[in-house]
$ cat my_file_19.tsv   # TSV, C-alpha atoms
chain	number	residue	atom	x	y	z
A	1	MET	CA	88.74	69.92	106.81
A	2	LYS	CA	85.45	71.78	106.88
A	3	ALA	CA	83.95	71.76	110.34
A	4	ALA	CA	80.58	72.98	111.61
A	5	VAL	CA	80.23	73.83	115.30
A	6	LEU	CA	76.61	73.65	116.47
A	7	VAL	CA	75.40	76.39	118.79
A	8	PHE	CA	72.40	75.94	121.07
A	9	PRO	CA	71.01	78.36	123.64
A	10	GLY	CA	73.24	77.63	126.62
A	11	SER	CA	76.23	76.28	124.70
A	12	ASN	CA	79.35	77.78	126.28
A	13	CYS	CA	82.29	75.87	124.82
A	14	ASP	CA	81.40	76.57	121.20
A	15	ARG	CA	84.03	79.24	120.65
A	16	ASP	CA	86.70	77.19	122.43
A	17	MET	CA	85.87	74.36	120.03
A	18	LYS	CA	86.19	76.72	117.05
A	19	VAL	CA	89.59	77.97	118.23
A	20	ALA	CA	90.90	74.43	118.75
A	21	LEU	CA	89.69	73.28	115.34
A	22	GLU	CA	91.11	76.34	113.61
A	23	ALA	CA	94.45	75.85	115.33
A	24	ALA	CA	94.54	72.42	113.69
A	25	GLY	CA	93.86	74.00	110.30
A	26	ALA	CA	90.10	73.54	109.98
A	27	ASP	CA	87.76	75.88	108.17
A	28	VAL	CA	85.05	76.40	110.82
A	29	THR	CA	81.46	77.63	110.52
A	30	MET	CA	79.24	78.23	113.52
A	31	VAL	CA	75.73	76.85	112.94
A	32	TRP	CA	72.72	77.98	114.97
A	33	HIS	CA	70.39	75.27	116.22
A	34	LYS	CA	67.41	76.57	114.28
A	35	ASP	CA	69.23	76.25	110.98
A	36	SER	CA	68.03	73.27	109.04
A	37	VAL	CA	71.04	72.72	106.80
A	38	LEU	CA	74.74	72.20	107.39
A	39	PRO	CA	77.21	74.16	105.23
A	40	ALA	CA	77.92	72.36	101.96
A	41	GLY	CA	80.92	70.09	102.20
A	42	THR	CA	80.91	69.78	105.99
A	43	ASP	CA	83.30	66.98	106.99
A	44	LEU	CA	82.96	67.22	110.76
A	45	VAL	CA	80.07	68.33	112.96
A	46	ALA	CA	81.27	69.33	116.41
A	47	VAL	CA	78.73	69.48	119.23
A	48	PRO	CA	80.20	71.63	122.00
A	49	GLY	CA	79.91	71.62	125.76
A	50	GLY	CA	77.64	73.81	127.82
A	51	PHE	CA	74.15	73.67	129.23
A	52	SER	CA	71.97	73.55	126.14
A	53	PHE	CA	68.42	74.60	126.97
A	54	GLY	CA	69.39	74.83	130.62
A	55	ASP	CA	69.67	71.03	130.88
A	56	TYR	CA	65.86	71.03	131.05
A	57	LEU	CA	64.16	67.61	131.03
A	58	ARG	CA	67.50	65.78	130.61
A	59	CYS	CA	70.94	67.05	129.60
A	60	GLY	CA	70.99	67.33	125.82
A	61	ALA	CA	67.41	66.13	125.37
A	62	ILE	CA	65.94	69.32	123.90
A	63	ALA	CA	69.02	70.06	121.78
A	64	ALA	CA	68.82	66.57	120.31
A	65	ARG	CA	65.35	67.46	118.94
A	66	SER	CA	66.44	70.80	117.43
A	67	PRO	CA	66.16	71.23	113.65
A	68	ILE	CA	69.94	71.10	113.16
A	69	SER	CA	70.14	67.83	115.07
A	70	ARG	CA	68.11	66.12	112.35
A	71	GLU	CA	70.84	67.24	109.95
A	72	LEU	CA	73.48	65.99	112.36
A	73	VAL	CA	71.90	62.54	112.35
A	74	ALA	CA	71.60	62.57	108.55
A	75	HIS	CA	75.26	63.64	108.27
A	76	VAL	CA	76.33	60.71	110.47
A	77	ASP	CA	74.07	58.32	108.55
A	78	ARG	CA	75.90	59.39	105.38
A	79	GLY	CA	79.19	58.42	106.99
A	80	GLY	CA	80.10	61.92	108.14
A	81	TYR	CA	82.29	62.64	111.14
A	82	ALA	CA	81.01	64.04	114.44
A	83	LEU	CA	82.62	64.99	117.73
A	84	GLY	CA	80.58	65.59	120.86
A	85	VAL	CA	82.24	66.96	123.98
A	86	CYS	CA	80.58	67.03	127.40
A	87	ASN	CA	77.05	68.35	126.74
A	88	GLY	CA	77.79	67.48	123.10
A	89	PHE	CA	78.33	63.84	124.13
A	90	GLN	CA	75.00	63.96	125.96
A	91	VAL	CA	73.37	65.33	122.80
A	92	LEU	CA	74.87	62.52	120.70
A	93	THR	CA	73.51	59.86	123.05
A	94	GLU	CA	70.10	61.59	123.12
A	95	THR	CA	69.93	61.53	119.31
A	96	GLY	CA	70.85	57.84	119.34
A	97	VAL	CA	73.98	58.49	117.25
A	98	LEU	CA	75.97	57.00	120.12
A	99	PRO	CA	74.69	54.33	122.53
A	100	GLY	CA	74.22	54.62	126.28
A	101	ALA	CA	73.35	57.59	128.45
A	102	LEU	CA	75.02	60.03	130.82
A	103	VAL	CA	73.46	60.24	134.29
A	104	GLN	CA	74.28	62.21	137.39
A	105	ASN	CA	77.74	61.80	138.90
A	106	ALA	CA	77.75	59.16	141.63
A	107	SER	CA	78.84	61.78	144.17
A	108	THR	CA	75.89	64.05	143.14
A	109	GLU	CA	78.49	66.84	142.84
A	110	PHE	CA	79.49	68.95	139.87
A	111	ILE	CA	83.14	68.04	139.23
A	112	CYS	CA	85.53	70.55	137.68
A	113	LYS	CA	89.15	69.43	137.56
A	114	THR	CA	91.84	67.96	135.35
A	115	ALA	CA	91.35	64.25	134.79
A	116	THR	CA	93.94	61.77	133.60
A	117	LEU	CA	92.71	59.63	130.72
A	118	ARG	CA	94.20	56.54	129.17
A	119	VAL	CA	93.99	56.45	125.39
A	120	GLU	CA	92.57	52.99	124.77
A	121	THR	CA	92.83	52.85	121.01
A	122	SER	CA	94.74	54.68	118.32
A	123	ALA	CA	92.57	53.05	115.66
A	124	SER	CA	90.41	56.04	114.85
A	125	ASP	CA	90.84	59.32	113.03
A	126	PHE	CA	90.37	61.06	116.39
A	127	THR	CA	93.10	59.18	118.24
A	128	ALA	CA	95.58	58.19	115.51
A	129	LEU	CA	98.25	60.57	116.79
A	130	TYR	CA	98.19	59.10	120.29
A	131	ASN	CA	99.82	55.86	121.32
A	132	ALA	CA	97.37	53.35	122.73
A	133	GLY	CA	97.99	53.19	126.46
A	134	ALA	CA	99.25	56.77	126.66
A	135	GLU	CA	97.99	58.83	129.58
A	136	ILE	CA	96.81	62.38	128.89
A	137	ASP	CA	95.55	65.20	131.09
A	138	VAL	CA	92.27	66.76	130.01
A	139	PRO	CA	89.85	68.93	132.02
A	140	ILE	CA	86.41	67.73	133.01
A	141	ALA	CA	83.52	69.94	134.11
A	142	HIS	CA	80.22	68.16	134.46
A	143	HIS	CA	77.39	67.07	136.73
A	144	GLU	CA	76.02	64.29	134.51
A	145	GLY	CA	79.05	62.41	133.23
A	146	ASN	CA	78.33	59.00	134.65
A	147	PHE	CA	78.19	56.77	131.57
A	148	ARG	CA	75.61	54.00	131.65
A	149	ILE	CA	74.78	51.30	129.14
A	150	ASP	CA	73.19	47.86	129.27
A	151	PRO	CA	75.45	44.77	129.43
A	152	ASP	CA	75.04	43.94	125.74
A	153	GLY	CA	75.86	47.51	124.78
A	154	LEU	CA	78.92	47.50	127.00
A	155	ALA	CA	80.12	44.24	125.47
A	156	ALA	CA	79.69	45.73	121.99
A	157	LEU	CA	81.85	48.70	122.95
A	158	GLN	CA	84.51	46.50	124.54
A	159	ASP	CA	84.60	43.86	121.81
A	160	GLY	CA	84.57	46.46	119.05
A	161	ASP	CA	87.55	48.41	120.45
A	162	ARG	CA	85.17	51.37	120.70
A	163	ILE	CA	86.19	52.71	124.11
A	164	ALA	CA	88.41	55.60	123.10
A	165	PHE	CA	89.33	56.91	126.55
A	166	ARG	CA	89.08	55.62	130.11
A	167	TYR	CA	89.66	57.54	133.32
A	168	THR	CA	92.65	56.31	135.29
A	169	ASP	CA	90.81	57.36	138.47
A	170	THR	CA	87.11	57.54	137.68
A	171	PRO	CA	85.65	60.73	139.16
A	172	ASN	CA	81.98	60.28	138.31
A	173	GLY	CA	81.07	56.61	138.69
A	174	ALA	CA	81.12	55.88	134.95
A	175	LEU	CA	80.66	52.26	134.01
A	176	ASP	CA	83.96	50.55	133.12
A	177	ASP	CA	85.73	53.91	133.71
A	178	ILE	CA	84.48	55.09	130.32
A	179	ALA	CA	85.31	58.68	129.40
A	180	GLY	CA	84.73	58.53	125.65
A	181	ILE	CA	83.33	56.14	123.04
A	182	LEU	CA	83.38	55.67	119.28
A	183	SER	CA	80.56	54.75	116.92
A	184	ALA	CA	80.68	51.40	115.14
A	185	ASN	CA	82.14	53.04	112.02
A	186	ARG	CA	84.65	54.93	114.24
A	187	ARG	CA	83.66	58.28	112.75
A	188	VAL	CA	81.76	59.60	115.75
A	189	LEU	CA	83.46	60.28	119.08
A	190	GLY	CA	81.65	61.33	122.24
A	191	MET	CA	83.62	62.21	125.37
A	192	MET	CA	82.95	63.97	128.65
A	193	PRO	CA	86.45	65.53	129.05
A	194	HIS	CA	87.21	68.71	127.14
A	195	PRO	CA	90.09	68.32	124.65
A	196	GLU	CA	89.41	71.85	123.36
A	197	ARG	CA	90.41	73.16	126.80
A	198	ALA	CA	93.73	71.34	126.50
A	199	ALA	CA	94.81	72.48	123.06
A	200	ASP	CA	96.74	75.70	123.69
A	201	ALA	CA	99.97	76.00	125.66
A	202	ALA	CA	98.83	79.39	126.95
A	203	LEU	CA	96.11	77.58	128.90
A	204	GLY	CA	98.56	75.16	130.46
A	205	LEU	CA	97.48	71.88	128.90
A	206	THR	CA	98.09	70.62	125.36
A	207	ASP	CA	97.24	66.91	125.52
A	208	GLY	CA	93.98	67.52	123.65
A	209	ALA	CA	95.61	69.11	120.63
A	210	PRO	CA	96.61	65.84	118.87
A	211	LEU	CA	92.92	64.91	118.65
A	212	PHE	CA	92.19	67.93	116.47
A	213	THR	CA	95.42	67.58	114.47
A	214	SER	CA	94.65	63.92	113.88
A	215	LEU	CA	91.20	64.77	112.54
A	216	ALA	CA	92.55	67.53	110.33
A	217	GLU	CA	95.18	65.22	108.86
A	218	ALA	CA	92.62	62.50	108.18
A	219	LEU	CA	90.11	64.86	106.62
A	220	VAL	CA	92.49	67.10	104.70
A	221	ALA	CA	91.62	65.46	101.43
A	222	ALA	CA	88.00	64.75	102.25
B	1	MET	CA	41.89	66.57	129.34
B	2	ARG	CA	44.97	65.87	131.33
B	3	ALA	CA	47.58	63.17	131.02
B	4	THR	CA	50.10	62.49	133.75
B	5	VAL	CA	53.40	60.95	132.76
B	6	THR	CA	55.57	59.50	135.50
B	7	VAL	CA	59.19	58.96	134.51
B	8	SER	CA	61.43	56.78	136.68
B	9	LEU	CA	64.95	55.49	136.40
B	10	LYS	CA	64.96	51.84	135.44
B	11	THR	CA	65.77	49.26	138.07
B	12	GLY	CA	69.51	48.86	138.27
B	13	VAL	CA	70.35	52.38	137.10
B	14	LEU	CA	72.17	54.16	139.90
B	15	ASP	CA	70.13	57.04	141.33
B	16	PRO	CA	72.54	59.33	143.21
B	17	GLN	CA	69.77	61.76	144.14
B	18	GLY	CA	67.67	58.96	145.57
B	19	GLU	CA	70.66	57.76	147.57
B	20	ALA	CA	71.25	61.28	148.91
B	21	ILE	CA	67.60	61.59	149.94
B	22	LYS	CA	67.74	58.21	151.66
B	23	SER	CA	70.86	59.25	153.53
B	24	ALA	CA	69.26	62.54	154.60
B	25	LEU	CA	66.12	60.80	155.83
B	26	GLY	CA	68.27	58.44	157.85
B	27	SER	CA	70.27	61.26	159.39
B	28	MET	CA	67.00	63.03	160.30
B	29	GLY	CA	66.03	60.01	162.34
B	30	PHE	CA	63.46	58.43	160.02
B	31	GLN	CA	63.69	54.69	160.43
B	32	GLY	CA	63.08	51.93	157.95
B	33	VAL	CA	63.65	53.70	154.64
B	34	GLU	CA	65.19	50.89	152.64
B	35	GLY	CA	65.33	52.59	149.27
B	36	VAL	CA	64.56	55.90	147.55
B	37	ARG	CA	64.17	56.47	143.83
B	38	GLN	CA	63.60	59.99	142.52
B	39	GLY	CA	61.69	60.40	139.28
B	40	LYS	CA	59.69	63.16	137.66
B	41	VAL	CA	56.05	63.86	136.92
B	42	ILE	CA	55.06	65.63	133.72
B	43	GLU	CA	51.47	66.90	133.45
B	44	LEU	CA	50.13	67.48	129.96
B	45	ASP	CA	47.02	69.54	129.23
B	46	LEU	CA	45.68	68.04	126.04
B	47	ALA	CA	43.05	68.91	123.48
B	48	ASP	CA	40.05	66.61	123.56
B	49	GLY	CA	40.56	63.60	121.37
B	50	THR	CA	44.27	63.24	122.05
B	51	THR	CA	44.90	59.54	122.41
B	52	GLU	CA	46.99	57.58	124.85
B	53	ALA	CA	48.92	56.26	121.87
B	54	GLN	CA	49.94	59.82	121.03
B	55	VAL	CA	51.10	60.44	124.58
B	56	THR	CA	53.04	57.19	124.49
B	57	GLU	CA	54.75	58.39	121.31
B	58	MET	CA	55.66	61.65	123.11
B	59	CYS	CA	57.22	59.57	125.88
B	60	GLU	CA	59.20	57.43	123.47
B	61	LYS	CA	60.45	60.38	121.44
B	62	LEU	CA	61.15	62.97	124.10
B	63	LEU	CA	59.74	62.73	127.60
B	64	ALA	CA	61.69	59.63	128.64
B	65	ASN	CA	65.10	58.36	127.63
B	66	THR	CA	64.25	54.69	127.37
B	67	VAL	CA	67.93	53.75	127.63
B	68	ILE	CA	67.79	54.54	131.34
B	69	GLU	CA	64.19	55.49	132.15
B	70	SER	CA	60.80	53.84	132.21
B	71	TYR	CA	57.52	55.74	132.08
B	72	ARG	CA	53.86	55.34	132.98
B	73	VAL	CA	50.98	57.23	131.36
B	74	GLU	CA	47.72	57.99	133.14
B	75	MET	CA	44.99	59.54	131.01
B	76	GLY	CA	42.16	61.67	132.39
B	77	GLY	CA	41.72	63.55	135.61
$ encode --input "my_file_19.tsv" --output "structure tokens"
Amino acid sequence: MKAAVLVFPGSNCDRDMKVALEAAGADVTMVWHKDSVLPAGTDLVAVPGGFSFGDYLRCGAIAARSPISRELVAHVDRGGYALGVCNGFQVLTETGVLPGALVQNASTEFICKTATLRVETSASDFTALYNAGAEIDVPIAHHEGNFRIDPDGLAALQDGDRIAFRYTDTPNGALDDIAGILSANRRVLGMMPHPERAADAALGLTDGAPLFTSLAEALVAA
Amino acid sequence: MRATVTVSLKTGVLDPQGEAIKSALGSMGFQGVEGVRQGKVIELDLADGTTEAQVTEMCEKLLANTVIESYRVEMGG
């Protein structure tokens, strides 16, 4: 698997993402936001967490209009894979690659803790190594993680088996307890929790590791 | 020429900041505040000849996220 990790001013989980992908066997290139091309043969574009452009205007809004984000959208339009975590999820919704929006947590507080997620579907190359219904512990760290979408959009996610993860005890007010969603073609995953922070036993949590291994296995021949 | 863009959360989208402001006003003793919605105002200094249609395009493409926000453009001033 060839992966590109996008780096914006203010990204701060980019190297964690690289380490987690490499641990799963990926060949990883870091790509600066002003670059206008992805490395040839990129299978997966990973959009990391952080505070791109200081969260100015809206979280992810400026990053979503960066030169590399046009390439990200083109990559997804070609059927390429993308993973957005935390601020990366916000970027994916701001580009329109994923539906909905992330607004401020209902409590108005920044929440930094380990959340328990329920894996809602194993029918994706991100979640194939989990059992549907399994509960996993993954850290969250966000101020705008409250997922919102209109009723038709929510029905499309529910009916299409596109809700990848739900919180067992929703910390941020997210609609329908949604922690992560898939695109219609199931090749794009956006999630607020940080699987890359739960992918190394030395850090105490490993429930995120199967996500990266699953991707690497699916894309090994791609 | 100046354009003023007012961006607001759409009706029905939870506004935690607005709720916090409402709560604070109540605890300060202000009576009768039945709702608070916090938005943002963006002032654009524009070259002469810039059209409202162009400002509207700016709103659609960047200044507002129309999934959750509505916007109003006022030209001139």
$ interface_residues --input "my_file_19.tsv" --of "chain B" --to "chain A" --cutoff "12 Å" --atoms "all atoms listed in the file" --output "PDB file with C-alpha atoms, in the coordinates of the input"
ATOM      1  CA  VAL B   7      59.190  58.960 134.510  1.00  0.00           C
ATOM      2  CA  LEU B   9      64.950  55.490 136.400  1.00  0.00           C
ATOM      3  CA  LYS B  10      64.960  51.840 135.440  1.00  0.00           C
ATOM      4  CA  THR B  11      65.770  49.260 138.070  1.00  0.00           C
ATOM      5  CA  GLY B  12      69.510  48.860 138.270  1.00  0.00           C
ATOM      6  CA  VAL B  13      70.350  52.380 137.100  1.00  0.00           C
ATOM      7  CA  LEU B  14      72.170  54.160 139.900  1.00  0.00           C
ATOM      8  CA  ASP B  15      70.130  57.040 141.330  1.00  0.00           C
ATOM      9  CA  PRO B  16      72.540  59.330 143.210  1.00  0.00           C
ATOM     10  CA  GLN B  17      69.770  61.760 144.140  1.00  0.00           C
ATOM     11  CA  GLY B  18      67.670  58.960 145.570  1.00  0.00           C
ATOM     12  CA  GLU B  19      70.660  57.760 147.570  1.00  0.00           C
ATOM     13  CA  ALA B  20      71.250  61.280 148.910  1.00  0.00           C
ATOM     14  CA  ILE B  21      67.600  61.590 149.940  1.00  0.00           C
ATOM     15  CA  GLY B  39      61.690  60.400 139.280  1.00  0.00           C
ATOM     16  CA  LYS B  40      59.690  63.160 137.660  1.00  0.00           C
ATOM     17  CA  VAL B  41      56.050  63.860 136.920  1.00  0.00           C
ATOM     18  CA  ILE B  42      55.060  65.630 133.720  1.00  0.00           C
ATOM     19  CA  CYS B  59      57.220  59.570 125.880  1.00  0.00           C
ATOM     20  CA  GLU B  60      59.200  57.430 123.470  1.00  0.00           C
ATOM     21  CA  LYS B  61      60.450  60.380 121.440  1.00  0.00           C
ATOM     22  CA  LEU B  62      61.150  62.970 124.100  1.00  0.00           C
ATOM     23  CA  LEU B  63      59.740  62.730 127.600  1.00  0.00           C
ATOM     24  CA  ALA B  64      61.690  59.630 128.640  1.00  0.00           C
ATOM     25  CA  ASN B  65      65.100  58.360 127.630  1.00  0.00           C
ATOM     26  CA  THR B  66      64.250  54.690 127.370  1.00  0.00           C
ATOM     27  CA  VAL B  67      67.930  53.750 127.630  1.00  0.00           C
ATOM     28  CA  ILE B  68      67.790  54.540 131.340  1.00  0.00           C
ATOM     29  CA  GLU B  69      64.190  55.490 132.150  1.00  0.00           C
TER      30      GLU B  69
END
$ closest_residue --input "my_file_19.tsv" --among "A:Asp176, A:Thr116, A:Ala23, A:Val7" --to "A:Ala201" --atoms "all atoms listed in the file"
A:Ala23
$ atom_distance --input "my_file_19.tsv" --atom1 "atom CA of B:Glu34" --atom2 "atom CA of B:Lys22"
7.8 Å
$ atom_distance --input "my_file_19.tsv" --atom1 "atom CA of A:Arg70" --atom2 "atom CA of A:Phe165"
27.1 Å
$ closest_residue --input "my_file_19.tsv" --among "A:Ala123, A:Met1, A:Val188, A:Ala209" --to "A:His75" --atoms "all atoms listed in the file"
A:Val188
$ residues_around --input "my_file_19.tsv" --residues "A:Tyr81" --least-positions-apart "3" --cutoff "12 Å" --atoms "all atoms listed in the file" --output "JSON, numbers by chain"
{"A": [1, 2, 3, 4, 41, 42, 43, 44, 45, 46, 47, 72, 73, 74, 75, 76, 77, 78, 84, 97, 124, 125, 126, 182, 183, 185, 186, 187, 188, 189, 190, 215, 216, 218, 219, 222]}
$ write_last_selection --input "my_file_19.tsv" --atoms "C-alpha atoms" --output "mmCIF file, in the frame of the given file"
data_model
loop_
_atom_site.group_PDB
_atom_site.id
_atom_site.type_symbol
_atom_site.label_atom_id
_atom_site.label_comp_id
_atom_site.auth_asym_id
_atom_site.auth_seq_id
_atom_site.Cartn_x
_atom_site.Cartn_y
_atom_site.Cartn_z
ATOM 1 C CA MET A 1 88.740 69.920 106.810
ATOM 2 C CA LYS A 2 85.450 71.780 106.880
ATOM 3 C CA ALA A 3 83.950 71.760 110.340
ATOM 4 C CA ALA A 4 80.580 72.980 111.610
ATOM 5 C CA GLY A 41 80.920 70.090 102.200
ATOM 6 C CA THR A 42 80.910 69.780 105.990
ATOM 7 C CA ASP A 43 83.300 66.980 106.990
ATOM 8 C CA LEU A 44 82.960 67.220 110.760
ATOM 9 C CA VAL A 45 80.070 68.330 112.960
ATOM 10 C CA ALA A 46 81.270 69.330 116.410
ATOM 11 C CA VAL A 47 78.730 69.480 119.230
ATOM 12 C CA LEU A 72 73.480 65.990 112.360
ATOM 13 C CA VAL A 73 71.900 62.540 112.350
ATOM 14 C CA ALA A 74 71.600 62.570 108.550
ATOM 15 C CA HIS A 75 75.260 63.640 108.270
ATOM 16 C CA VAL A 76 76.330 60.710 110.470
ATOM 17 C CA ASP A 77 74.070 58.320 108.550
ATOM 18 C CA ARG A 78 75.900 59.390 105.380
ATOM 19 C CA GLY A 84 80.580 65.590 120.860
ATOM 20 C CA VAL A 97 73.980 58.490 117.250
ATOM 21 C CA SER A 124 90.410 56.040 114.850
ATOM 22 C CA ASP A 125 90.840 59.320 113.030
ATOM 23 C CA PHE A 126 90.370 61.060 116.390
ATOM 24 C CA LEU A 182 83.380 55.670 119.280
ATOM 25 C CA SER A 183 80.560 54.750 116.920
ATOM 26 C CA ASN A 185 82.140 53.040 112.020
ATOM 27 C CA ARG A 186 84.650 54.930 114.240
ATOM 28 C CA ARG A 187 83.660 58.280 112.750
ATOM 29 C CA VAL A 188 81.760 59.600 115.750
ATOM 30 C CA LEU A 189 83.460 60.280 119.080
ATOM 31 C CA GLY A 190 81.650 61.330 122.240
ATOM 32 C CA LEU A 215 91.200 64.770 112.540
ATOM 33 C CA ALA A 216 92.550 67.530 110.330
ATOM 34 C CA ALA A 218 92.620 62.500 108.180
ATOM 35 C CA LEU A 219 90.110 64.860 106.620
ATOM 36 C CA ALA A 222 88.000 64.750 102.250
#
$ atom_distance --input "my_file_19.tsv" --atom1 "atom CA of B:Arg2" --atom2 "atom CA of B:Ser70"
19.9 Å
$ axis_aligned_box --input "my_file_19.tsv" --around "stretch 139-151 of chain A" --padding-each-side "3 Å" --output "JSON"
{"center_x": 81.5, "center_y": 57.4, "center_z": 132.9, "size_x": 22.7, "size_y": 31.2, "size_z": 13.6}
$ residues_around --input "my_file_19.tsv" --residues "A:Gly54" --least-positions-apart "6" --cutoff "12 Å" --atoms "all atoms listed in the file" --output "JSON, numbers by chain"
{"A": [8, 9, 10, 11, 12, 60, 61, 62, 63, 87]}
$ residues_around --input "my_file_19.tsv" --residues "B:Arg72" --least-positions-apart "6" --cutoff "9 Å" --atoms "all atoms listed in the file" --output "number ranges by chain"
B: 4-8, 56, 59
$ residues_around --input "my_file_19.tsv" --residues "A:Thr127" --least-positions-apart "3" --cutoff "10 Å" --atoms "only C-alpha atoms" --output "PDB file with C-alpha atoms, in the coordinates of the input"
ATOM      1  CA  VAL A 119      93.990  56.450 125.390  1.00  0.00           C
ATOM      2  CA  GLU A 120      92.570  52.990 124.770  1.00  0.00           C
ATOM      3  CA  THR A 121      92.830  52.850 121.010  1.00  0.00           C
ATOM      4  CA  SER A 122      94.740  54.680 118.320  1.00  0.00           C
ATOM      5  CA  ALA A 123      92.570  53.050 115.660  1.00  0.00           C
ATOM      6  CA  SER A 124      90.410  56.040 114.850  1.00  0.00           C
ATOM      7  CA  TYR A 130      98.190  59.100 120.290  1.00  0.00           C
ATOM      8  CA  ASN A 131      99.820  55.860 121.320  1.00  0.00           C
ATOM      9  CA  ALA A 132      97.370  53.350 122.730  1.00  0.00           C
ATOM     10  CA  ALA A 164      88.410  55.600 123.100  1.00  0.00           C
ATOM     11  CA  PHE A 165      89.330  56.910 126.550  1.00  0.00           C
ATOM     12  CA  LEU A 189      83.460  60.280 119.080  1.00  0.00           C
ATOM     13  CA  GLY A 208      93.980  67.520 123.650  1.00  0.00           C
ATOM     14  CA  PRO A 210      96.610  65.840 118.870  1.00  0.00           C
ATOM     15  CA  LEU A 211      92.920  64.910 118.650  1.00  0.00           C
ATOM     16  CA  PHE A 212      92.190  67.930 116.470  1.00  0.00           C
ATOM     17  CA  THR A 213      95.420  67.580 114.470  1.00  0.00           C
ATOM     18  CA  SER A 214      94.650  63.920 113.880  1.00  0.00           C
ATOM     19  CA  LEU A 215      91.200  64.770 112.540  1.00  0.00           C
TER      20      LEU A 215
END
$ residues_around --input "my_file_19.tsv" --residues "A:Pro171" --least-positions-apart "6" --cutoff "12 Å" --atoms "all atoms listed in the file" --output "ChimeraX atom specification"
/A:104-117,139-147,177-179,192-193
$ closest_residue --input "my_file_19.tsv" --among "A:Ala184, A:Arg15, A:Val37, A:Leu203" --to "A:Arg162" --atoms "all atoms listed in the file"
A:Ala184
